[in-house]
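A.B. asks: Contents of my_file05.csv (CSV, C-alpha atoms and all ligand atoms) are given next:
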chain,number,residue,atom,x,y,z
M,504,MET,CA,0.0,0.0,0.0
M,505,ARG,CA,1.3,3.5,-1.0
M,506,VAL,CA,0.0,6.9,-0.2
M,507,LYS,CA,1.4,10.2,-1.4
M,508,PHE,CA,1.8,13.3,0.8
M,509,GLY,CA,2.8,16.1,-1.5
M,510,GLU,CA,5.9,14.8,-3.4
M,511,CYS,CA,6.7,12.2,-0.8
M,512,LEU,CA,5.5,8.6,-0.5
M,513,ILE,CA,4.6,6.4,2.5
M,514,GLU,CA,4.7,2.8,1.6
M,515,LEU,CA,3.7,-0.3,3.7
M,516,VAL,CA,5.2,-3.7,2.9
M,517,ARG,CA,5.4,-7.0,4.6
M,518,GLY,CA,8.8,-8.5,5.0
M,519,ASP,CA,12.3,-8.4,6.6
M,520,ILE,CA,13.9,-5.0,7.1
M,521,THR,CA,17.4,-6.4,6.5
M,522,ALA,CA,16.6,-7.1,2.8
M,523,GLN,CA,15.5,-3.6,1.9
M,524,GLN,CA,17.2,-1.7,-0.9
M,525,VAL,CA,17.0,1.8,0.5
M,526,ASP,CA,19.5,4.5,1.5
M,527,ALA,CA,18.9,3.9,5.3
M,528,ILE,CA,17.3,1.3,7.4
M,529,VAL,CA,16.2,2.0,11.0
M,530,ASN,CA,17.0,-0.4,13.8
M,531,ALA,CA,14.8,-0.8,16.9
M,532,ALA,CA,17.6,-0.5,19.4
M,533,ASN,CA,17.9,-0.1,23.2
M,534,SER,CA,19.4,2.9,24.9
M,535,GLN,CA,22.7,1.1,25.6
M,536,LEU,CA,23.0,0.2,21.9
M,537,ALA,CA,24.0,-3.2,23.3
M,538,GLY,CA,22.2,-5.3,20.6
M,539,GLY,CA,19.5,-7.8,21.4
M,540,GLY,CA,16.8,-9.8,19.7
M,541,GLY,CA,14.1,-8.9,17.2
M,542,VAL,CA,15.0,-6.4,14.6
M,543,ASP,CA,18.2,-5.4,16.4
M,544,GLY,CA,19.5,-9.0,16.4
M,545,ALA,CA,18.5,-9.5,12.7
M,546,ILE,CA,20.2,-6.3,11.6
M,547,HIS,CA,23.5,-6.9,13.5
M,548,ARG,CA,23.7,-10.5,12.2
M,549,ALA,CA,23.1,-9.4,8.6
M,550,ALA,CA,25.4,-6.3,8.8
M,551,GLY,CA,28.4,-8.0,10.5
M,552,PRO,CA,30.6,-6.8,13.4
M,553,SER,CA,31.7,-3.5,11.9
M,554,VAL,CA,28.4,-1.9,12.9
M,555,MET,CA,28.6,-2.7,16.6
M,556,GLU,CA,32.3,-1.6,16.6
M,557,GLU,CA,31.3,1.7,15.1
M,558,THR,CA,28.5,2.4,17.6
M,559,ASP,CA,30.6,1.4,20.5
M,560,ARG,CA,33.3,3.8,19.4
M,561,ARG,CA,31.1,6.7,18.4
M,562,TYR,CA,28.4,6.5,21.0
M,563,PRO,CA,29.9,5.1,24.2
M,564,ASP,CA,27.0,6.7,26.2
M,565,GLY,CA,24.4,5.0,24.0
M,566,CYS,CA,21.3,7.0,22.8
M,567,PRO,CA,18.4,8.4,24.9
M,568,THR,CA,14.9,7.0,24.5
M,569,GLY,CA,13.0,9.0,21.8
M,570,SER,CA,16.1,9.7,19.8
M,571,ALA,CA,18.4,7.9,17.2
M,572,VAL,CA,22.0,7.8,16.1
M,573,ALA,CA,23.6,6.9,12.7
M,574,SER,CA,26.2,4.4,11.7
M,575,GLY,CA,27.4,2.7,8.5
M,576,ALA,CA,25.5,-0.4,7.3
M,577,GLY,CA,28.3,-3.0,7.1
M,578,GLU,CA,27.3,-5.7,4.7
M,579,LEU,CA,23.7,-4.6,4.2
M,580,PRO,CA,22.5,-3.1,0.9
M,581,ALA,CA,21.7,0.2,2.7
M,582,LYS,CA,24.2,3.0,3.2
M,583,PHE,CA,23.3,3.8,6.8
M,584,ILE,CA,21.6,2.3,9.8
M,585,PHE,CA,19.8,4.7,12.1
M,586,HIS,CA,19.6,3.2,15.6
M,587,ALA,CA,16.3,4.4,17.1
M,588,VAL,CA,15.4,3.9,20.7
M,589,GLY,CA,11.6,3.7,21.2
M,590,PRO,CA,9.9,3.7,24.6
M,591,VAL,CA,9.0,0.6,26.7
M,592,TRP,CA,5.2,0.7,27.0
M,593,ARG,CA,4.2,1.4,30.6
M,594,GLY,CA,0.5,2.0,30.0
M,595,GLY,CA,0.8,5.2,28.0
M,596,THR,CA,0.9,7.8,30.7
M,597,GLY,CA,4.7,8.1,30.9
M,598,GLY,CA,5.2,10.1,27.7
M,599,GLU,CA,5.5,7.0,25.5
M,600,PRO,CA,3.6,8.6,22.5
M,601,ASP,CA,5.9,11.7,22.5
M,602,GLN,CA,9.0,9.4,22.8
M,603,LEU,CA,7.9,7.2,19.9
M,604,LYS,CA,7.1,10.1,17.7
M,605,GLY,CA,10.4,11.7,18.6
M,606,ALA,CA,12.3,8.6,17.6
M,607,TYR,CA,10.7,8.6,14.1
M,608,ARG,CA,11.3,12.4,13.7
M,609,ARG,CA,15.0,12.1,14.7
M,610,CYS,CA,15.5,9.3,12.1
M,611,LEU,CA,13.9,11.5,9.4
M,612,ASP,CA,16.2,14.4,10.5
M,613,LEU,CA,19.2,12.0,10.2
M,614,ALA,CA,17.9,10.9,6.7
M,615,VAL,CA,17.9,14.6,5.6
M,616,GLU,CA,21.3,15.3,7.1
M,617,HIS,CA,22.8,12.2,5.4
M,618,HIS,CA,21.1,13.0,2.0
M,619,CYS,CA,19.0,9.8,2.1
M,620,GLU,CA,16.1,9.8,-0.3
M,621,SER,CA,14.6,6.5,1.0
M,622,VAL,CA,14.3,5.2,4.5
M,623,ALA,CA,12.8,1.9,5.8
M,624,PHE,CA,11.4,1.7,9.3
M,625,PRO,CA,10.3,-1.3,11.4
M,626,ALA,CA,7.3,-1.0,13.8
M,627,ILE,CA,9.5,0.4,16.6
M,628,SER,CA,8.6,-0.6,20.2
M,629,THR,CA,5.9,-3.1,19.1
M,630,GLY,CA,7.9,-6.3,20.0
M,631,VAL,CA,9.8,-6.7,23.2
M,632,TYR,CA,8.9,-3.1,24.3
M,633,GLY,CA,5.2,-4.0,24.2
M,634,TYR,CA,3.7,-0.9,22.6
M,635,PRO,CA,0.1,-1.8,21.5
M,636,MET,CA,0.2,-2.2,17.7
M,637,ASP,CA,-2.9,-0.1,16.9
M,638,LEU,CA,-1.5,2.9,18.9
M,639,ALA,CA,2.0,2.4,17.5
M,640,ALA,CA,0.6,2.5,13.9
M,641,GLU,CA,-1.3,5.7,14.7
M,642,HIS,CA,1.5,7.5,16.5
M,643,SER,CA,4.3,6.5,14.1
M,644,LEU,CA,2.3,7.2,10.9
M,645,THR,CA,1.1,10.5,12.2
M,646,SER,CA,4.7,11.5,13.1
M,647,VAL,CA,6.0,10.5,9.7
M,648,ARG,CA,3.1,12.2,7.8
M,649,ASP,CA,3.5,15.4,9.7
M,650,TYR,CA,7.3,15.4,9.1
M,651,LEU,CA,6.8,14.9,5.3
M,652,GLN,CA,4.2,17.6,5.1
M,653,ASP,CA,6.6,20.0,6.9
M,654,HIS,CA,9.9,19.1,5.2
M,655,GLU,CA,9.0,17.5,1.8
M,656,GLN,CA,11.7,15.0,2.2
M,657,PRO,CA,12.8,12.2,2.2
M,658,SER,CA,11.0,11.1,-1.0
M,659,LEU,CA,10.2,7.5,0.3
M,660,VAL,CA,9.4,6.3,3.7
M,661,ARG,CA,8.7,2.5,3.8
M,662,PHE,CA,7.4,0.7,6.8
M,663,VAL,CA,8.5,-2.9,6.8
M,664,LEU,CA,6.0,-4.9,8.8
M,665,PHE,CA,6.8,-8.4,10.0
M,666,GLY,CA,3.4,-10.0,10.6
M,667,GLU,CA,-0.2,-9.9,9.4
M,668,GLY,CA,-1.3,-8.0,12.6
M,669,ALA,CA,1.3,-5.2,12.1
M,670,PHE,CA,0.5,-4.9,8.4
M,671,GLY,CA,-3.3,-4.8,9.1
M,672,ALA,CA,-2.9,-2.2,11.8
M,673,TYR,CA,-0.7,0.1,9.8
M,674,SER,CA,-2.9,-0.3,6.7
M,675,ARG,CA,-6.0,0.8,8.6
M,676,VAL,CA,-4.4,3.9,9.9
M,677,LEU,CA,-2.8,4.9,6.6
M,678,GLU,CA,-6.1,4.3,4.8
M,679,GLY,CA,-7.8,6.6,7.3
M,680,MET,CA,-5.3,9.3,6.5
M,681,THR,CA,-6.4,9.4,2.9
M,682,GLU,CA,-10.1,10.2,3.8
V,1,LIG,N1,12.1,-7.1,10.0
V,1,LIG,C1,11.1,-6.3,10.2
V,1,LIG,N2,10.4,-6.3,11.4
V,1,LIG,C2,10.8,-7.2,12.4
V,1,LIG,C3,11.9,-8.1,12.2
V,1,LIG,C4,12.6,-8.0,10.9
V,1,LIG,N3,13.7,-8.7,10.6
V,1,LIG,N4,12.1,-8.8,13.3
V,1,LIG,C5,11.1,-8.4,14.2
V,1,LIG,N5,10.4,-7.5,13.6
V,1,LIG,P1,11.5,-5.6,18.4
V,1,LIG,P2,11.2,-3.2,20.2
V,1,LIG,C6,9.2,-6.8,14.2
V,1,LIG,O1,11.3,-6.5,19.6
V,1,LIG,O2,9.8,-3.6,20.6
V,1,LIG,C7,15.7,-5.7,21.1
V,1,LIG,O3,16.2,-6.7,22.0
V,1,LIG,C8,8.5,-7.3,15.4
V,1,LIG,O4,7.6,-8.3,15.0
V,1,LIG,O5,12.6,-5.9,17.5
V,1,LIG,O6,11.4,-1.8,19.8
V,1,LIG,C9,16.5,-4.4,21.2
V,1,LIG,O7,17.8,-4.6,21.5
V,1,LIG,C10,7.9,-6.1,16.0
V,1,LIG,O8,6.6,-5.8,15.5
V,1,LIG,O9,11.8,-4.1,18.9
V,1,LIG,C11,15.8,-3.7,22.4
V,1,LIG,O10,16.3,-4.1,23.6
V,1,LIG,C12,8.9,-5.0,15.7
V,1,LIG,O11,9.7,-5.5,14.6
V,1,LIG,C13,14.3,-4.2,22.2
V,1,LIG,O12,14.4,-5.4,21.5
V,1,LIG,C14,9.7,-4.4,16.8
V,1,LIG,O13,10.1,-5.5,17.7
V,1,LIG,C15,13.5,-3.2,21.4
V,1,LIG,O14,12.2,-3.6,21.4
As a first step, turn the structure in this file into structure tokens.
C.D. replies:
Amino acid sequence: MRVKFGECLIELVRGDITAQQVDAIVNAANSQLAGGGGVDGAIHRAAGPSVMEETDRRYPDGCPTGSAVASGAGELPAKFIFHAVGPVWRGGTGGEPDQLKGAYRRCLDLAVEHHCESVAFPAISTGVYGYPMDLAAEHSLTSVRDYLQDHEQPSLVRFVLFGEGAFGAYSRVLEGMTE
């Protein structure tokens, strides 16, 4: 599914984020940038050890929740990896929506700074971090749409969704944005 906002496109696909042919892929990292399971594990396995070496060297203090940092992409087809730290879901009253939106916005700023025309995101925080899928779809798509309407770049933002549930939730929200 694809929807245009001005000159920019938001696209939803099902699949594995490590296989994406885009300028930058986004990792769902933790604030220590210590690696882990889920998307993080898959990205580091596919990219090889140079990525962790680089993040250890450049970001010894990690990355705060709601933000992101950039590295090279090792053996992946992308040019960059943006390591985004989404919030752990604690019921929604601890600022989780603002933190999730902030993580997406910071990645889009990094994309612009690094001259990336295309960026692929996973559904940050919806795995181990427990963010409810419907709310994550609404908050992340709203954040990206607002950014594209304000900045008119990057040209392509692709959400790479792992399961049927994630794809359905994001599709419903994106469809609602076209009405
Ligand atoms: N491609 C696309 N999506 C994926 C992939 C993949 N290869 N693998 C899983 N997903 P998660 P979080 C989906 O847990 O909730 C790590 O240990 C998955 O189904 O990867 O932000 C980190 O080190 C889910 O919908 O990230 C952190 O400690 C979504 O990606 C912590 O998990 C995100 O799930 C971050 O947790």
A.B. asks: Got a sec: who's within 8 Å of segment 645-661 of chain M, counting all atoms listed in the file, leaving out chain neighbours fewer than 2 positions off, as a VMD selection string?
C.D. replies: chain M and resid 508 to 516 604 to 605 607 to 608 611 614 to 615 619 to 624 641 to 643 663
A.B. asks: Pick from M:Ala640, M:Leu536, M:Val542, M:Val525: nearest to Arg561 of chain M, with all atoms listed in the file counted?
C.D. replies: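 Closest candidate: M:Leu536.
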A.B. asks: List every residue of chain M that has an atom at most 10 Å from any atom of ligand LIG 1 (chain V), giving for each one its closest atom pair and the distance in Å to one decimal, counting all atoms listed in the file, sorted by chain and then by ascending residue number, as a Markdown table.
C.D. replies:
| residue | atom | partner | partner_atom | distance |
| --- | --- | --- | --- | --- |
| M:Val516 | CA | V:LIG1 | C1 | 9.7 |
| M:Arg517 | CA | V:LIG1 | C1 | 8.0 |
| M:Gly518 | CA | V:LIG1 | C1 | 6.1 |
| M:Asp519 | CA | V:LIG1 | N1 | 3.6 |
| M:Ile520 | CA | V:LIG1 | N1 | 4.0 |
| M:Thr521 | CA | V:LIG1 | N3 | 6.0 |
| M:Ala522 | CA | V:LIG1 | N3 | 8.5 |
| M:Gln523 | CA | V:LIG1 | N1 | 9.5 |
| M:Val529 | CA | V:LIG1 | C1 | 9.8 |
| M:Asn530 | CA | V:LIG1 | O5 | 8.0 |
| M:Ala531 | CA | V:LIG1 | O6 | 4.6 |
| M:Ala532 | CA | V:LIG1 | C9 | 4.4 |
| M:Asn533 | CA | V:LIG1 | C11 | 4.2 |
| M:Ser534 | CA | V:LIG1 | O10 | 7.8 |
| M:Gln535 | CA | V:LIG1 | O10 | 8.5 |
| M:Leu536 | CA | V:LIG1 | O7 | 7.1 |
| M:Ala537 | CA | V:LIG1 | O7 | 6.6 |
| M:Gly538 | CA | V:LIG1 | O7 | 4.5 |
| M:Gly539 | CA | V:LIG1 | O3 | 3.5 |
| M:Gly540 | CA | V:LIG1 | O3 | 3.9 |
| M:Gly541 | CA | V:LIG1 | O5 | 3.4 |
| M:Val542 | CA | V:LIG1 | O5 | 3.8 |
| M:Asp543 | CA | V:LIG1 | O7 | 5.2 |
| M:Gly544 | CA | V:LIG1 | C7 | 6.9 |
| M:Ala545 | CA | V:LIG1 | N3 | 5.3 |
| M:Ile546 | CA | V:LIG1 | N3 | 7.0 |
| M:Ala549 | CA | V:LIG1 | N3 | 9.6 |
| M:His586 | CA | V:LIG1 | C9 | 9.9 |
| M:Ala587 | CA | V:LIG1 | O6 | 8.4 |
| M:Val588 | CA | V:LIG1 | O6 | 7.0 |
| M:Gly589 | CA | V:LIG1 | O6 | 5.7 |
| M:Pro590 | CA | V:LIG1 | O6 | 7.5 |
| M:Val591 | CA | V:LIG1 | O2 | 7.4 |
| M:Trp592 | CA | V:LIG1 | O2 | 9.0 |
| M:Leu603 | CA | V:LIG1 | O6 | 9.7 |
| M:Ala623 | CA | V:LIG1 | C1 | 9.5 |
| M:Phe624 | CA | V:LIG1 | C1 | 8.1 |
| M:Pro625 | CA | V:LIG1 | N2 | 5.0 |
| M:Ala626 | CA | V:LIG1 | C12 | 4.7 |
| M:Ile627 | CA | V:LIG1 | O6 | 4.3 |
| M:Ser628 | CA | V:LIG1 | O6 | 3.1 |
| M:Thr629 | CA | V:LIG1 | O2 | 4.2 |
| M:Gly630 | CA | V:LIG1 | O13 | 3.3 |
| M:Val631 | CA | V:LIG1 | O1 | 3.9 |
| M:Tyr632 | CA | V:LIG1 | O2 | 3.8 |
| M:Gly633 | CA | V:LIG1 | O2 | 5.9 |
| M:Tyr634 | CA | V:LIG1 | O2 | 7.0 |
| M:Pro635 | CA | V:LIG1 | O8 | 9.7 |
| M:Met636 | CA | V:LIG1 | O8 | 7.7 |
| M:Ala639 | CA | V:LIG1 | O8 | 9.6 |
| M:Phe662 | CA | V:LIG1 | C1 | 8.6 |
| M:Val663 | CA | V:LIG1 | C1 | 5.5 |
| M:Leu664 | CA | V:LIG1 | N2 | 5.3 |
| M:Phe665 | CA | V:LIG1 | N2 | 4.4 |
| M:Gly666 | CA | V:LIG1 | O4 | 6.3 |
| M:Glu667 | CA | V:LIG1 | O4 | 9.7 |
| M:Gly668 | CA | V:LIG1 | O8 | 8.7 |
| M:Ala669 | CA | V:LIG1 | O8 | 6.3 |
| M:Phe670 | CA | V:LIG1 | O8 | 9.4 |
A.B. asks: Only C-alpha atoms, please: the residues just picked out, written as a short mmCIF file (atom, residue, chain, number, x, y, z; two decimals), in the coordinates of the input.
C.D. replies:
data_model
loop_
_atom_site.label_atom_id
_atom_site.label_comp_id
_atom_site.auth_asym_id
_atom_site.auth_seq_id
_atom_site.Cartn_x
_atom_site.Cartn_y
_atom_site.Cartn_z
CA VAL M 516 5.20 -3.70 2.90
CA ARG M 517 5.40 -7.00 4.60
CA GLY M 518 8.80 -8.50 5.00
CA ASP M 519 12.30 -8.40 6.60
CA ILE M 520 13.90 -5.00 7.10
CA THR M 521 17.40 -6.40 6.50
CA ALA M 522 16.60 -7.10 2.80
CA GLN M 523 15.50 -3.60 1.90
CA VAL M 529 16.20 2.00 11.00
CA ASN M 530 17.00 -0.40 13.80
CA ALA M 531 14.80 -0.80 16.90
CA ALA M 532 17.60 -0.50 19.40
CA ASN M 533 17.90 -0.10 23.20
CA SER M 534 19.40 2.90 24.90
CA GLN M 535 22.70 1.10 25.60
CA LEU M 536 23.00 0.20 21.90
CA ALA M 537 24.00 -3.20 23.30
CA GLY M 538 22.20 -5.30 20.60
CA GLY M 539 19.50 -7.80 21.40
CA GLY M 540 16.80 -9.80 19.70
CA GLY M 541 14.10 -8.90 17.20
CA VAL M 542 15.00 -6.40 14.60
CA ASP M 543 18.20 -5.40 16.40
CA GLY M 544 19.50 -9.00 16.40
CA ALA M 545 18.50 -9.50 12.70
CA ILE M 546 20.20 -6.30 11.60
CA ALA M 549 23.10 -9.40 8.60
CA HIS M 586 19.60 3.20 15.60
CA ALA M 587 16.30 4.40 17.10
CA VAL M 588 15.40 3.90 20.70
CA GLY M 589 11.60 3.70 21.20
CA PRO M 590 9.90 3.70 24.60
CA VAL M 591 9.00 0.60 26.70
CA TRP M 592 5.20 0.70 27.00
CA LEU M 603 7.90 7.20 19.90
CA ALA M 623 12.80 1.90 5.80
CA PHE M 624 11.40 1.70 9.30
CA PRO M 625 10.30 -1.30 11.40
CA ALA M 626 7.30 -1.00 13.80
CA ILE M 627 9.50 0.40 16.60
CA SER M 628 8.60 -0.60 20.20
CA THR M 629 5.90 -3.10 19.10
CA GLY M 630 7.90 -6.30 20.00
CA VAL M 631 9.80 -6.70 23.20
CA TYR M 632 8.90 -3.10 24.30
CA GLY M 633 5.20 -4.00 24.20
CA TYR M 634 3.70 -0.90 22.60
CA PRO M 635 0.10 -1.80 21.50
CA MET M 636 0.20 -2.20 17.70
CA ALA M 639 2.00 2.40 17.50
CA PHE M 662 7.40 0.70 6.80
CA VAL M 663 8.50 -2.90 6.80
CA LEU M 664 6.00 -4.90 8.80
CA PHE M 665 6.80 -8.40 10.00
CA GLY M 666 3.40 -10.00 10.60
CA GLU M 667 -0.20 -9.90 9.40
CA GLY M 668 -1.30 -8.00 12.60
CA ALA M 669 1.30 -5.20 12.10
CA PHE M 670 0.50 -4.90 8.40
#
A.B. asks: Looking at M:Leu613, M:Leu638, M:Leu644, M:Ala527, which one is nearest to Glu678 of chain M, with distances taken over all atoms listed in the file?
C.D. replies: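 Closest to Glu678 of chain M of all the choices is M:Leu644.
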A.B. asks: Write out as a PDB file with C-alpha atoms, keeping the file's coordinate frame the residues lying within 12 Å of Ser574 of chain M, counting all atoms listed in the file and excluding same-chain residues fewer than 3 positions away.
C.D. replies:
ATOM      1  CA  ALA M 527      18.900   3.900   5.300  1.00  0.00           C
ATOM      2  CA  ILE M 528      17.300   1.300   7.400  1.00  0.00           C
ATOM      3  CA  VAL M 529      16.200   2.000  11.000  1.00  0.00           C
ATOM      4  CA  ASN M 530      17.000  -0.400  13.800  1.00  0.00           C
ATOM      5  CA  LEU M 536      23.000   0.200  21.900  1.00  0.00           C
ATOM      6  CA  HIS M 547      23.500  -6.900  13.500  1.00  0.00           C
ATOM      7  CA  ALA M 550      25.400  -6.300   8.800  1.00  0.00           C
ATOM      8  CA  SER M 553      31.700  -3.500  11.900  1.00  0.00           C
ATOM      9  CA  VAL M 554      28.400  -1.900  12.900  1.00  0.00           C
ATOM     10  CA  MET M 555      28.600  -2.700  16.600  1.00  0.00           C
ATOM     11  CA  GLU M 556      32.300  -1.600  16.600  1.00  0.00           C
ATOM     12  CA  GLU M 557      31.300   1.700  15.100  1.00  0.00           C
ATOM     13  CA  THR M 558      28.500   2.400  17.600  1.00  0.00           C
ATOM     14  CA  ASP M 559      30.600   1.400  20.500  1.00  0.00           C
ATOM     15  CA  ARG M 560      33.300   3.800  19.400  1.00  0.00           C
ATOM     16  CA  ARG M 561      31.100   6.700  18.400  1.00  0.00           C
ATOM     17  CA  TYR M 562      28.400   6.500  21.000  1.00  0.00           C
ATOM     18  CA  ALA M 571      18.400   7.900  17.200  1.00  0.00           C
ATOM     19  CA  GLY M 577      28.300  -3.000   7.100  1.00  0.00           C
ATOM     20  CA  LEU M 579      23.700  -4.600   4.200  1.00  0.00           C
ATOM     21  CA  ALA M 581      21.700   0.200   2.700  1.00  0.00           C
ATOM     22  CA  LYS M 582      24.200   3.000   3.200  1.00  0.00           C
ATOM     23  CA  PHE M 583      23.300   3.800   6.800  1.00  0.00           C
ATOM     24  CA  ILE M 584      21.600   2.300   9.800  1.00  0.00           C
ATOM     25  CA  PHE M 585      19.800   4.700  12.100  1.00  0.00           C
ATOM     26  CA  HIS M 586      19.600   3.200  15.600  1.00  0.00           C
ATOM     27  CA  ALA M 587      16.300   4.400  17.100  1.00  0.00           C
ATOM     28  CA  CYS M 610      15.500   9.300  12.100  1.00  0.00           C
ATOM     29  CA  LEU M 613      19.200  12.000  10.200  1.00  0.00           C
ATOM     30  CA  ALA M 614      17.900  10.900   6.700  1.00  0.00           C
ATOM     31  CA  HIS M 617      22.800  12.200   5.400  1.00  0.00           C
TER      32      HIS M 617
END
A.B. asks: Can you tell me how far atom CA of Ala672 of chain M sits from atom CA of Pro567 of chain M, in Å to one decimal?
C.D. replies: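 That distance, rounded to one decimal, is 27.2 Å.
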A.B. asks: Pick from M:Gly551, M:Ala576, M:Gly671, M:Met680: nearest to Val506 of chain M, with only C-alpha atoms counted?
C.D. replies: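 Ranked by minimum distance to Val506 of chain M, first place goes to M:Met680.
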A.B. asks: Figure out the distance between atom CA of Val572 of chain M and atom CA of Pro600 of chain M, please, to one decimal in Å.
C.D. replies: 19.5 Å
A.B. asks: Could you check how far atom CA of Asp564 of chain M sits from atom CA of Glu578 of chain M, in Å to one decimal?
C.D. replies: 24.8 Å
